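Enquirer: Handing over structure29.txt, compact mmCIF, C-alpha atoms.
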# COMPACT_ATOMS: atom_id res chain seq x y z
CA MET A 1 122.92 109.72 -1.30
CA PHE A 2 124.55 113.07 -2.07
CA SER A 3 127.95 114.70 -1.95
CA LEU A 4 128.58 117.69 0.28
CA GLN A 5 128.91 119.80 -2.87
CA GLU A 6 125.42 118.73 -4.00
CA ILE A 7 123.91 119.59 -0.63
CA ARG A 8 125.58 122.99 -0.58
CA ARG A 9 124.34 123.77 -4.07
CA ALA A 10 120.82 122.73 -3.03
CA HIS A 11 121.17 125.02 -0.02
CA GLU A 12 121.88 127.93 -2.37
CA VAL A 13 118.62 127.15 -4.20
CA VAL A 14 116.72 127.06 -0.91
CA LEU A 15 118.28 130.31 0.30
CA GLY A 16 117.00 131.98 -2.86
CA ALA A 17 113.53 131.78 -1.31
CA LEU A 18 113.97 131.10 2.41
CA LYS A 19 116.14 131.97 5.37
CA PRO A 20 117.89 129.35 7.56
CA THR A 21 115.72 128.19 10.45
CA PRO A 22 116.94 128.57 14.04
CA ALA A 23 118.44 125.74 16.08
CA LEU A 24 117.64 126.62 19.67
CA SER A 25 118.37 125.17 23.08
CA TRP A 26 115.54 125.30 25.60
CA PRO A 27 116.34 124.94 29.35
CA LEU A 28 112.97 123.41 30.24
CA LEU A 29 113.35 120.73 27.56
CA ALA A 30 116.84 120.03 28.88
CA GLU A 31 115.39 119.53 32.35
CA ARG A 32 112.63 117.33 30.96
CA LEU A 33 115.08 115.03 29.16
CA GLY A 34 118.09 115.25 31.47
CA ALA A 35 120.19 116.04 28.42
CA GLU A 36 121.51 118.94 26.35
CA VAL A 37 118.82 119.55 23.74
CA THR A 38 118.83 121.46 20.45
CA VAL A 39 115.59 121.90 18.48
CA LYS A 40 115.71 122.54 14.74
CA HIS A 41 112.69 124.80 14.15
CA GLU A 42 111.44 123.90 10.68
CA ASN A 43 108.03 125.07 11.91
CA HIS A 44 109.35 128.63 11.37
CA LEU A 45 109.36 128.31 7.57
CA PRO A 46 106.68 130.21 5.59
CA THR A 47 104.69 127.02 4.90
CA GLY A 48 105.06 125.95 8.52
CA ALA A 49 107.03 122.79 7.68
CA PHE A 50 110.32 121.45 6.33
CA LYS A 51 109.09 120.01 3.04
CA VAL A 52 109.16 123.36 1.23
CA ARG A 53 112.93 122.92 0.97
CA GLY A 54 112.44 119.75 -1.06
CA GLY A 55 109.80 121.35 -3.25
CA LEU A 56 112.08 124.23 -4.18
CA VAL A 57 114.99 121.98 -5.12
CA TYR A 58 112.78 119.49 -6.98
CA VAL A 59 111.07 122.18 -9.06
CA GLU A 60 114.33 124.00 -9.82
CA ALA A 61 115.89 120.77 -11.12
CA LEU A 62 112.73 119.83 -13.04
CA THR A 63 112.48 123.15 -14.88
CA ARG A 64 116.15 122.94 -15.89
CA ARG A 65 115.75 119.34 -17.05
CA GLU A 66 112.29 119.63 -18.63
CA PRO A 67 111.64 123.31 -19.44
CA ALA A 68 108.40 122.45 -21.29
CA THR A 69 106.74 121.29 -18.06
CA ARG A 70 103.47 123.18 -17.62
CA GLY A 71 102.10 121.77 -14.39
CA LEU A 72 102.60 119.48 -11.41
CA ILE A 73 100.34 116.90 -9.79
CA SER A 74 100.84 114.96 -6.58
CA ALA A 75 99.17 113.62 -3.43
CA THR A 76 99.62 114.73 0.15
CA ARG A 77 98.26 114.94 3.66
CA GLY A 78 99.31 118.60 3.62
CA ASN A 79 102.95 119.64 3.93
CA HIS A 80 104.17 118.05 0.69
CA GLY A 81 101.30 119.75 -1.14
CA GLN A 82 102.07 123.14 0.37
CA SER A 83 105.69 122.65 -0.61
CA LEU A 84 104.82 122.02 -4.26
CA ALA A 85 102.27 124.84 -4.35
CA PHE A 86 104.85 127.27 -2.94
CA ALA A 87 107.60 126.16 -5.35
CA GLY A 88 105.28 125.75 -8.33
CA ARG A 89 103.88 129.26 -7.99
CA ARG A 90 107.41 130.70 -7.91
CA ALA A 91 108.20 128.81 -11.13
CA GLY A 92 104.93 129.73 -12.87
CA LEU A 93 103.60 126.15 -12.91
CA SER A 94 100.05 125.01 -12.24
CA VAL A 95 99.78 122.64 -9.26
CA THR A 96 97.08 120.00 -8.70
CA ILE A 97 97.04 118.24 -5.35
CA PHE A 98 95.06 115.20 -4.24
CA ALA A 99 94.35 114.74 -0.54
CA PRO A 100 92.34 111.96 1.13
CA GLU A 101 88.74 112.66 2.09
CA GLY A 102 88.49 114.21 5.53
CA ASN A 103 91.99 115.66 5.28
CA SER A 104 92.97 118.60 7.48
CA SER A 105 90.70 121.49 6.51
CA GLU A 106 93.34 124.02 7.48
CA LYS A 107 96.06 122.34 5.41
CA ASN A 108 93.65 122.13 2.48
CA ALA A 109 92.93 125.84 2.83
CA ALA A 110 96.64 126.63 2.97
CA MET A 111 97.29 124.70 -0.26
CA ARG A 112 94.46 126.50 -2.02
CA ALA A 113 95.76 129.86 -0.76
CA LEU A 114 99.10 129.06 -2.38
CA GLY A 115 97.31 128.56 -5.70
CA ALA A 116 96.93 124.77 -5.85
CA GLU A 117 93.86 123.01 -7.22
CA LEU A 118 92.88 120.74 -4.30
CA ILE A 119 90.94 117.51 -4.96
CA GLU A 120 89.81 115.27 -2.11
CA PHE A 121 89.75 111.58 -3.02
CA GLY A 122 89.91 108.20 -1.27
CA ARG A 123 90.01 106.92 2.28
CA ASP A 124 93.72 107.50 2.87
CA PHE A 125 96.94 108.89 1.40
CA GLN A 126 97.67 105.80 -0.67
CA ALA A 127 94.30 105.97 -2.44
CA ALA A 128 94.78 109.68 -3.14
CA ARG A 129 98.27 109.03 -4.46
CA GLU A 130 97.12 106.31 -6.87
CA GLU A 131 94.39 108.55 -8.29
CA ALA A 132 96.82 111.46 -8.71
CA MET A 133 99.20 109.26 -10.68
CA ARG A 134 96.31 108.08 -12.89
CA LEU A 135 95.17 111.63 -13.61
CA ALA A 136 98.70 112.78 -14.44
CA ASP A 137 98.60 111.00 -17.81
CA ILE A 138 95.10 112.24 -18.60
CA ARG A 139 95.96 115.89 -17.94
CA GLY A 140 99.51 115.80 -19.24
CA LEU A 141 100.97 116.91 -15.92
CA HIS A 142 104.28 116.05 -14.31
CA ALA A 143 103.64 113.58 -11.46
CA VAL A 144 105.67 114.40 -8.37
CA PRO A 145 106.24 111.39 -6.10
CA SER A 146 106.14 111.63 -2.32
CA PHE A 147 109.75 110.52 -2.19
CA HIS A 148 112.39 111.46 -4.75
CA ARG A 149 116.10 112.06 -4.63
CA ASP A 150 115.66 115.78 -5.34
CA LEU A 151 113.07 116.12 -2.57
CA ALA A 152 115.43 114.46 -0.09
CA LEU A 153 118.30 116.60 -1.38
CA GLY A 154 116.32 119.75 -0.66
CA VAL A 155 115.32 118.54 2.78
CA SER A 156 118.95 117.64 3.58
CA THR A 157 119.68 121.38 3.71
CA TYR A 158 118.09 121.70 7.15
CA ALA A 159 120.39 118.93 8.37
CA LEU A 160 123.33 120.75 6.78
CA GLU A 161 122.40 123.88 8.74
CA LEU A 162 121.91 122.00 12.00
CA LEU A 163 124.92 119.68 11.82
CA THR A 164 127.24 122.46 10.69
CA GLU A 165 126.20 124.45 13.74
CA ARG A 166 126.07 121.43 16.08
CA PRO A 167 128.49 118.77 14.78
CA ASP A 168 128.80 117.41 18.33
CA LEU A 169 125.27 115.98 18.54
CA ASP A 170 125.22 112.42 19.84
CA VAL A 171 121.79 111.61 18.47
CA LEU A 172 119.28 113.29 16.17
CA TYR A 173 115.61 112.25 16.34
CA VAL A 174 113.72 112.61 13.04
CA PRO A 175 110.06 111.81 12.23
CA ILE A 176 109.36 109.49 9.28
CA GLY A 177 106.49 109.97 6.84
CA GLN A 178 107.60 108.93 3.36
CA GLY A 179 111.24 109.23 4.38
CA SER A 180 112.70 112.39 2.82
CA GLY A 181 113.51 113.96 6.19
CA ILE A 182 115.44 111.09 7.71
CA CYS A 183 117.16 110.31 4.41
CA GLY A 184 118.26 113.93 4.15
CA CYS A 185 119.64 113.81 7.69
CA ILE A 186 121.54 110.58 7.04
CA ALA A 187 122.97 112.00 3.81
CA ALA A 188 124.09 115.27 5.43
CA ARG A 189 125.64 113.48 8.38
CA ASP A 190 127.59 111.17 6.09
CA ALA A 191 128.65 114.00 3.76
CA LEU A 192 129.97 115.96 6.74
CA GLY A 193 131.78 112.87 8.09
CA LEU A 194 130.03 112.98 11.47
CA LYS A 195 129.18 110.16 13.90
CA THR A 196 125.76 111.41 15.04
CA ASP A 197 123.22 108.61 15.45
CA VAL A 198 120.11 109.31 13.38
CA ALA A 199 117.04 107.83 15.07
CA GLY A 200 113.82 107.62 13.11
CA VAL A 201 110.43 108.03 14.76
CA GLN A 202 107.10 106.59 13.65
CA SER A 203 103.58 106.43 15.01
CA ALA A 204 102.71 103.08 16.57
CA GLU A 205 99.49 103.34 14.53
CA ALA A 206 101.47 103.69 11.26
CA PRO A 207 104.59 101.54 11.76
CA ALA A 208 105.40 100.47 8.19
CA TYR A 209 108.99 101.71 8.20
CA ALA A 210 109.65 100.38 11.71
CA LEU A 211 108.34 96.95 10.68
CA SER A 212 110.44 97.11 7.52
CA PHE A 213 113.54 98.14 9.50
CA ALA A 214 113.08 95.16 11.83
CA ALA A 215 112.40 92.72 8.98
CA GLY A 216 115.15 93.93 6.67
CA HIS A 217 112.76 94.39 3.75
CA VAL A 218 109.78 96.57 2.88
CA VAL A 219 106.64 95.69 4.86
CA ARG A 220 103.28 97.23 3.96
CA THR A 221 100.48 97.75 6.44
CA ASN A 222 96.73 97.76 5.84
CA SER A 223 96.10 101.01 7.70
CA ALA A 224 97.83 104.12 9.02
CA ASP A 225 95.24 105.30 11.51
CA THR A 226 97.09 108.01 13.40
CA PHE A 227 96.20 111.59 14.27
CA ALA A 228 99.79 112.48 13.30
CA ASP A 229 98.90 112.79 9.62
CA GLY A 230 102.45 113.62 8.55
CA MET A 231 103.45 110.08 9.53
CA ALA A 232 100.36 108.29 8.18
CA THR A 233 102.23 106.01 5.76
CA ARG A 234 101.37 102.38 5.06
CA VAL A 235 103.55 101.72 1.98
CA PRO A 236 107.27 102.50 2.46
CA ASP A 237 109.28 103.82 -0.47
CA GLU A 238 111.89 101.28 -1.59
CA GLU A 239 114.65 103.84 -2.16
CA ALA A 240 113.99 105.62 1.13
CA PHE A 241 113.94 102.33 3.01
CA ALA A 242 117.30 101.30 1.55
CA THR A 243 118.88 104.52 2.88
CA ILE A 244 117.18 104.19 6.27
CA ALA A 245 118.13 100.52 6.64
CA LYS A 246 121.77 101.37 6.00
CA GLY A 247 122.08 104.64 7.87
CA ALA A 248 119.61 104.85 10.76
CA ALA A 249 120.55 103.78 14.27
CA ARG A 250 117.00 102.68 15.11
CA ILE A 251 113.33 103.51 14.63
CA THR A 252 111.30 104.29 17.75
CA LEU A 253 107.53 103.91 17.85
CA VAL A 254 105.43 106.40 19.82
CA SER A 255 101.71 106.33 20.55
CA ASP A 256 99.28 109.09 19.64
CA ASP A 257 98.95 109.87 23.37
CA GLU A 258 102.73 110.25 23.65
CA ILE A 259 102.76 112.52 20.63
CA ALA A 260 99.94 114.62 22.07
CA TYR A 261 101.86 114.99 25.32
CA ALA A 262 104.94 116.08 23.38
CA ILE A 263 102.92 118.75 21.57
CA ARG A 264 101.86 120.10 24.95
CA ALA A 265 105.44 119.90 26.22
CA TYR A 266 106.68 121.93 23.28
CA TRP A 267 104.04 124.55 24.00
CA THR A 268 104.74 124.80 27.73
CA ASP A 269 108.53 124.60 27.42
CA THR A 270 109.12 126.69 24.27
CA HIS A 271 105.79 128.28 23.29
CA ASN A 272 106.09 126.66 19.87
CA LEU A 273 103.12 124.83 18.37
CA ALA A 274 103.96 121.48 16.77
CA GLU A 275 101.84 119.22 14.60
CA GLY A 276 101.82 115.50 15.34
CA ALA A 277 104.80 114.59 13.17
CA GLY A 278 106.59 117.71 14.37
CA ALA A 279 106.34 116.59 17.99
CA ALA A 280 107.21 112.95 17.33
CA ALA A 281 110.95 113.44 17.81
CA LEU A 282 110.39 114.90 21.29
CA ALA A 283 107.93 112.10 22.10
CA ALA A 284 110.59 109.52 21.23
CA ALA A 285 113.26 111.32 23.23
CA MET A 286 110.98 111.42 26.27
CA LYS A 287 110.28 107.72 25.83
CA GLU A 288 114.02 107.00 25.70
CA ARG A 289 114.96 109.48 28.41
CA SER A 290 116.95 106.91 30.39
CA ARG A 291 119.43 106.38 27.55
CA LEU A 292 119.95 110.11 26.91
CA LYS A 293 121.27 111.28 30.28
CA GLY A 294 124.15 113.68 29.80
CA ARG A 295 124.11 113.34 26.01
CA LYS A 296 123.72 115.99 23.30
CA VAL A 297 120.36 115.50 21.60
CA GLY A 298 118.92 117.04 18.44
CA LEU A 299 115.18 117.18 17.79
CA VAL A 300 113.64 118.02 14.43
CA LEU A 301 110.45 120.03 14.95
CA SER A 302 109.47 119.35 11.37
CA GLY A 303 106.22 121.32 11.25
CA GLY A 304 103.56 123.21 13.15
CA ASN A 305 100.51 122.73 10.94
CA ILE A 306 97.97 121.25 13.32
CA ASP A 307 94.25 121.96 12.96
CA PHE A 308 92.75 123.93 15.83
CA ASP A 309 89.93 121.39 16.26
CA LEU A 310 92.43 118.53 16.48
CA PHE A 311 94.53 120.49 18.95
CA GLN A 312 91.49 120.95 21.17
CA ARG A 313 90.26 117.34 20.93
CA TRP A 314 93.60 115.56 21.02
CA VAL A 315 96.12 117.69 22.84
CA MET A 316 94.10 119.56 25.45
CA ALA A 317 92.63 116.29 26.72
CA VAL A 318 95.91 114.35 26.68
CA PRO A 319 96.02 111.57 29.33
CA SER A 320 98.46 112.24 32.16
CA ALA A 321 99.85 108.72 31.68
CA ALA A 322 101.52 109.88 28.48
CA ALA A 323 103.96 111.88 30.59
CA ALA A 324 105.67 108.72 31.74
If you took the structure in this file and wrote it as structure tokens, what would it be?

Expert:
Amino acid sequence: MFSLQEIRRAHEVVLGALKPTPALSWPLLAERLGAEVTVKHENHLPTGAFKVRGGLVYVEALTRREPATRGLISATRGNHGQSLAFAGRRAGLSVTIFAPEGNSSEKNAAMRALGAELIEFGRDFQAAREEAMRLADIRGLHAVPSFHRDLALGVSTYALELLTERPDLDVLYVPIGQGSGICGCIAARDALGLKTDVAGVQSAEAPAYALSFAAGHVVRTNSADTFADGMATRVPDEEAFATIAKGAARITLVSDDEIAYAIRAYWTDTHNLAEGAGAAALAAAMKERSRLKGRKVGLVLSGGNIDFDLFQRWVMAVPSAAAA
């Protein structure tokens, strides 16, 4: 997708606003998986999630290409919207964000605090996205898609940091929402000439990319009913799928109970709080523990933006069976 030079230039843009996130090894996680484990802590970014990297690079490229742009509009379940609000405010652009009805109240509040106009619409992300695209023409705003080459380029900078520091990783587990994260990891791995397997992770309740990967073509689903809202996708992006189909080793499905257990494991083993998508990589690694013995494993903790009410209802009451 990108050359190493492109990724390094994008990294310079990111470093104009952010610091590199830590890649840490945790002994208790190593014991849990029977493997050497490195966690990339994107939850330590100021928006609490990795997508801000993509927002910064996208907006920087947009303002160079279209300097007359006066505002952005997009749809989100939270982290993409915070990313655009953060980057848009730095560039002096208005930002309008659509989120589905009943979206995370804490993520909504965070987007508003960053200066975004937040509009709740529709039963799920897809409905909110379609309405945002319709309103873009009416308001004369630049419509930002959920997946775009510049977004993935920005996100690839965390993979550049991680894989430069740990080029010996055997496998890197990455959650999949709309696909920018895993595409960025594939691109960085290929640009660096490494052999690391990139394993995607999806919720079993929102398996559109996993079904597409198995079928060899894009497969849409009728619902994406998972508590892990960062992975609640039912319509895969064609460009993202093409990259994933070519560059991913596999896509592993994990249940909401397995994700909830992984959130608790992150807390007990590292004292880091992960949102559902953020814990998905660990959930998949625990599920595939038997194939990881003695290997060097990377986990992307992509974000920590979980509502307190959801944490109480979902994580604190996690079934013990999920530990298997």

Enquirer: A:Leu84, A:Val174, A:Met286, A:Ala240: which is nearest Ala152 in chain A, counting all atoms listed in the file?

Expert: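 Using all atoms listed in the file, the shortest distance to Ala152 in chain A belongs to A:Ala240.
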
Enquirer: Near Ala274 in chain A, counting all atoms listed in the file, which residues have an atom at most 9 Å away, once you skip same-chain residues fewer than 3 positions from it, shown as a CSV table (one decimal) with C-alpha atoms, in the coordinates of the input?

Expert:
chain,number,residue,atom,x,y,z
A,43,ASN,CA,108.0,125.1,11.9
A,262,ALA,CA,104.9,116.1,23.4
A,263,ILE,CA,102.9,118.8,21.6
A,264,ARG,CA,101.9,120.1,25.0
A,266,TYR,CA,106.7,121.9,23.3
A,267,TRP,CA,104.0,124.6,24.0
A,277,ALA,CA,104.8,114.6,13.2
A,278,GLY,CA,106.6,117.7,14.4
A,279,ALA,CA,106.3,116.6,18.0
A,301,LEU,CA,110.4,120.0,15.0
A,302,SER,CA,109.5,119.4,11.4
A,303,GLY,CA,106.2,121.3,11.2
A,304,GLY,CA,103.6,123.2,13.2
A,305,ASN,CA,100.5,122.7,10.9
A,306,ILE,CA,98.0,121.2,13.3

Enquirer: Can I get the residues of range 182-288 of chain A within 10 Å of range 109-132 of chain A, each with the closest pair of atoms and their distance in Å to one decimal, using all atoms listed in the file, sorted chain first then ascending number, as JSON lines?

Expert:
{"residue": "A:Ser223", "atom": "CA", "partner": "A:Asp124", "partner_atom": "CA", "distance": 8.4}
{"residue": "A:Ala224", "atom": "CA", "partner": "A:Asp124", "partner_atom": "CA", "distance": 8.1}
{"residue": "A:Asp225", "atom": "CA", "partner": "A:Asp124", "partner_atom": "CA", "distance": 9.0}
{"residue": "A:Asp229", "atom": "CA", "partner": "A:Phe125", "partner_atom": "CA", "distance": 9.3}
{"residue": "A:Ala232", "atom": "CA", "partner": "A:Phe125", "partner_atom": "CA", "distance": 7.6}
{"residue": "A:Thr233", "atom": "CA", "partner": "A:Phe125", "partner_atom": "CA", "distance": 7.4}
{"residue": "A:Arg234", "atom": "CA", "partner": "A:Gln126", "partner_atom": "CA", "distance": 7.6}
{"residue": "A:Val235", "atom": "CA", "partner": "A:Gln126", "partner_atom": "CA", "distance": 7.6}

Enquirer: If I take CA of Ala10 in chain A and CA of Leu153 in chain A, how far is one from the other in Å, to one decimal?

Expert: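 Going from CA of Ala10 in chain A over to CA of Leu153 in chain A covers 6.8 Å.
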
Enquirer: Near Asp237 in chain A, within 7 Å and counting all atoms listed in the file, which residues show up once chain neighbours fewer than 3 positions away are dropped, as number ranges by chain?

Expert: A: 147, 178, 240-241

Enquirer: Please, could you write that set of residues out with C-alpha atoms as a CSV table (one decimal), keeping the file's coordinate frame?

Expert:
chain,number,residue,atom,x,y,z
A,147,PHE,CA,109.8,110.5,-2.2
A,178,GLN,CA,107.6,108.9,3.4
A,240,ALA,CA,114.0,105.6,1.1
A,241,PHE,CA,113.9,102.3,3.0

Enquirer: How many Å lie between CA of Leu160 in chain A and CA of Val254 in chain A, rounded to one decimal?

Expert: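 Those two atoms sit 26.4 Å apart.
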
Enquirer: Find the residue from A:Asn103, A:Thr221, A:Ser74, A:Thr164 that sits nearest to Ser146 in chain A; use all atoms listed in the file when measuring.

Expert: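 The closest residue to Ser146 in chain A is A:Ser74.
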
Enquirer: Skipping near chain neighbours, those fewer than 4 positions away, what residues fall within 9 Å of range 15-26 of chain A using all atoms listed in the file, listed as a compact mmCIF listing (two decimals) with C-alpha atoms, keeping the file's coordinate frame?

Expert:
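Contents of part.txt, as written:
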# COMPACT_ATOMS: atom_id res chain seq x y z
CA ALA A 10 120.82 122.73 -3.03
CA HIS A 11 121.17 125.02 -0.02
CA ALA A 30 116.84 120.03 28.88
CA GLU A 31 115.39 119.53 32.35
CA GLU A 36 121.51 118.94 26.35
CA VAL A 37 118.82 119.55 23.74
CA THR A 38 118.83 121.46 20.45
CA VAL A 39 115.59 121.90 18.48
CA LYS A 40 115.71 122.54 14.74
CA HIS A 41 112.69 124.80 14.15
CA GLU A 42 111.44 123.90 10.68
CA ASN A 43 108.03 125.07 11.91
CA HIS A 44 109.35 128.63 11.37
CA LEU A 45 109.36 128.31 7.57
CA PRO A 46 106.68 130.21 5.59
CA ARG A 53 112.93 122.92 0.97
CA LEU A 56 112.08 124.23 -4.18
CA TYR A 158 118.09 121.70 7.15
CA GLU A 161 122.40 123.88 8.74
CA LEU A 162 121.91 122.00 12.00
CA GLU A 165 126.20 124.45 13.74
CA ARG A 166 126.07 121.43 16.08
CA ASP A 269 108.53 124.60 27.42
CA THR A 270 109.12 126.69 24.27

Enquirer: Just give me the gap between CA of Ser180 in chain A and CA of Lys195 in chain A in Å, one decimal is fine.

Expert: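 Computed distance, CA of Ser180 in chain A to CA of Lys195 in chain A, equals 20.0 Å.
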
Enquirer: Write out as a ChimeraX atom specification the residues lying within 6 Å of range 85-95 of chain A, counting all atoms listed in the file and excluding same-chain residues fewer than 2 positions away.

Expert: /A:55-56,70-73,82-83,114,116

Enquirer: Those same residues - C-alpha atoms - I'd like them written as a tab-separated table (two decimals), keeping the file's coordinate frame.

Expert:
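Full text of result_33.tsv as output:
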chain	number	residue	atom	x	y	z
A	55	GLY	CA	109.80	121.35	-3.25
A	56	LEU	CA	112.08	124.23	-4.18
A	70	ARG	CA	103.47	123.18	-17.62
A	71	GLY	CA	102.10	121.77	-14.39
A	72	LEU	CA	102.60	119.48	-11.41
A	73	ILE	CA	100.34	116.90	-9.79
A	82	GLN	CA	102.07	123.14	0.37
A	83	SER	CA	105.69	122.65	-0.61
A	114	LEU	CA	99.10	129.06	-2.38
A	116	ALA	CA	96.93	124.77	-5.85

Enquirer: Identify which of the residues A:His142, A:Ala260, A:Asp307, A:Lys287 lies closest to Glu66 in chain A, counting all atoms listed in the file when measuring atom-to-atom distances.

Expert: A:His142

Enquirer: Edge lengths and centre, in Å to one decimal, as JSON: that's what I need for the box along x, y and z that holds all listed atoms of range 223-233 of chain A plus 8 Å on each side.

Expert:
{"center_x": 99.3, "center_y": 107.3, "center_z": 10.0, "size_x": 24.2, "size_y": 28.6, "size_z": 24.5}

Enquirer: Under the rule that all atoms listed in the file are counted, which of A:Ser290, A:Thr63, A:Asn79, A:Thr226 is the nearest residue to Leu310 in chain A?

Expert: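 Using all atoms listed in the file, Leu310 in chain A sits closest to A:Thr226.
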
Enquirer: When you count all atoms listed in the file, which of these residues is closest to Ala284 in chain A: A:Ala187, A:Ile251, A:Leu29, A:Leu4?

Expert: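 That would be A:Ile251, the residue with the smallest distance to Ala284 in chain A.
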
Enquirer: Write out as an mmCIF file with C-alpha atoms, in the coordinates of the input the residues lying within 10 Å of Gly154 in chain A, counting only C-alpha atoms and excluding same-chain residues fewer than 5 positions away.

Expert:
data_model
loop_
_atom_site.group_PDB
_atom_site.id
_atom_site.type_symbol
_atom_site.label_atom_id
_atom_site.label_comp_id
_atom_site.auth_asym_id
_atom_site.auth_seq_id
_atom_site.Cartn_x
_atom_site.Cartn_y
_atom_site.Cartn_z
ATOM 1 C CA GLU A 6 125.420 118.730 -4.000
ATOM 2 C CA ILE A 7 123.910 119.590 -0.630
ATOM 3 C CA ARG A 8 125.580 122.990 -0.580
ATOM 4 C CA ARG A 9 124.340 123.770 -4.070
ATOM 5 C CA ALA A 10 120.820 122.730 -3.030
ATOM 6 C CA HIS A 11 121.170 125.020 -0.020
ATOM 7 C CA VAL A 13 118.620 127.150 -4.200
ATOM 8 C CA VAL A 14 116.720 127.060 -0.910
ATOM 9 C CA PHE A 50 110.320 121.450 6.330
ATOM 10 C CA LYS A 51 109.090 120.010 3.040
ATOM 11 C CA VAL A 52 109.160 123.360 1.230
ATOM 12 C CA ARG A 53 112.930 122.920 0.970
ATOM 13 C CA GLY A 54 112.440 119.750 -1.060
ATOM 14 C CA GLY A 55 109.800 121.350 -3.250
ATOM 15 C CA LEU A 56 112.080 124.230 -4.180
ATOM 16 C CA VAL A 57 114.990 121.980 -5.120
ATOM 17 C CA TYR A 58 112.780 119.490 -6.980
ATOM 18 C CA ARG A 149 116.100 112.060 -4.630
ATOM 19 C CA ALA A 159 120.390 118.930 8.370
ATOM 20 C CA SER A 180 112.700 112.390 2.820
ATOM 21 C CA GLY A 181 113.510 113.960 6.190
ATOM 22 C CA GLY A 184 118.260 113.930 4.150
#

Enquirer: Using only C-alpha atoms for the distances, tell me which of A:Glu239, A:Arg313, A:Ala199, A:Tyr261 is nearest to Val300 in chain A.

Expert: A:Ala199

Enquirer: When you get a chance, write out N, CA and C atoms for range 133-144 of chain A, as a compact mmCIF listing (two decimals), in the frame of the given file.

Expert:
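Output (out_38.txt):
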# COMPACT_ATOMS: atom_id res chain seq x y z
N MET A 133 98.33 109.80 -9.65
CA MET A 133 99.20 109.26 -10.68
C MET A 133 98.39 108.89 -11.93
N ARG A 134 97.16 108.41 -11.75
CA ARG A 134 96.31 108.08 -12.89
C ARG A 134 95.93 109.33 -13.67
N LEU A 135 95.60 110.40 -12.96
CA LEU A 135 95.17 111.63 -13.61
C LEU A 135 96.33 112.36 -14.28
N ALA A 136 97.55 112.11 -13.84
CA ALA A 136 98.70 112.78 -14.44
C ALA A 136 98.77 112.54 -15.94
N ASP A 137 98.55 111.31 -16.37
CA ASP A 137 98.60 111.00 -17.81
C ASP A 137 97.45 111.66 -18.56
N ILE A 138 96.28 111.67 -17.94
CA ILE A 138 95.10 112.24 -18.60
C ILE A 138 95.27 113.74 -18.83
N ARG A 139 95.82 114.43 -17.86
CA ARG A 139 95.96 115.89 -17.94
C ARG A 139 97.30 116.34 -18.52
N GLY A 140 98.21 115.42 -18.72
CA GLY A 140 99.51 115.80 -19.24
C GLY A 140 100.34 116.59 -18.25
N LEU A 141 100.25 116.21 -16.97
CA LEU A 141 100.97 116.91 -15.92
C LEU A 141 102.15 116.07 -15.43
N HIS A 142 103.13 116.75 -14.88
CA HIS A 142 104.28 116.05 -14.31
C HIS A 142 103.90 115.52 -12.92
N ALA A 143 103.99 114.20 -12.74
CA ALA A 143 103.64 113.58 -11.46
C ALA A 143 104.82 113.64 -10.50
N VAL A 144 104.62 114.28 -9.37
CA VAL A 144 105.67 114.40 -8.37
C VAL A 144 105.45 113.32 -7.31
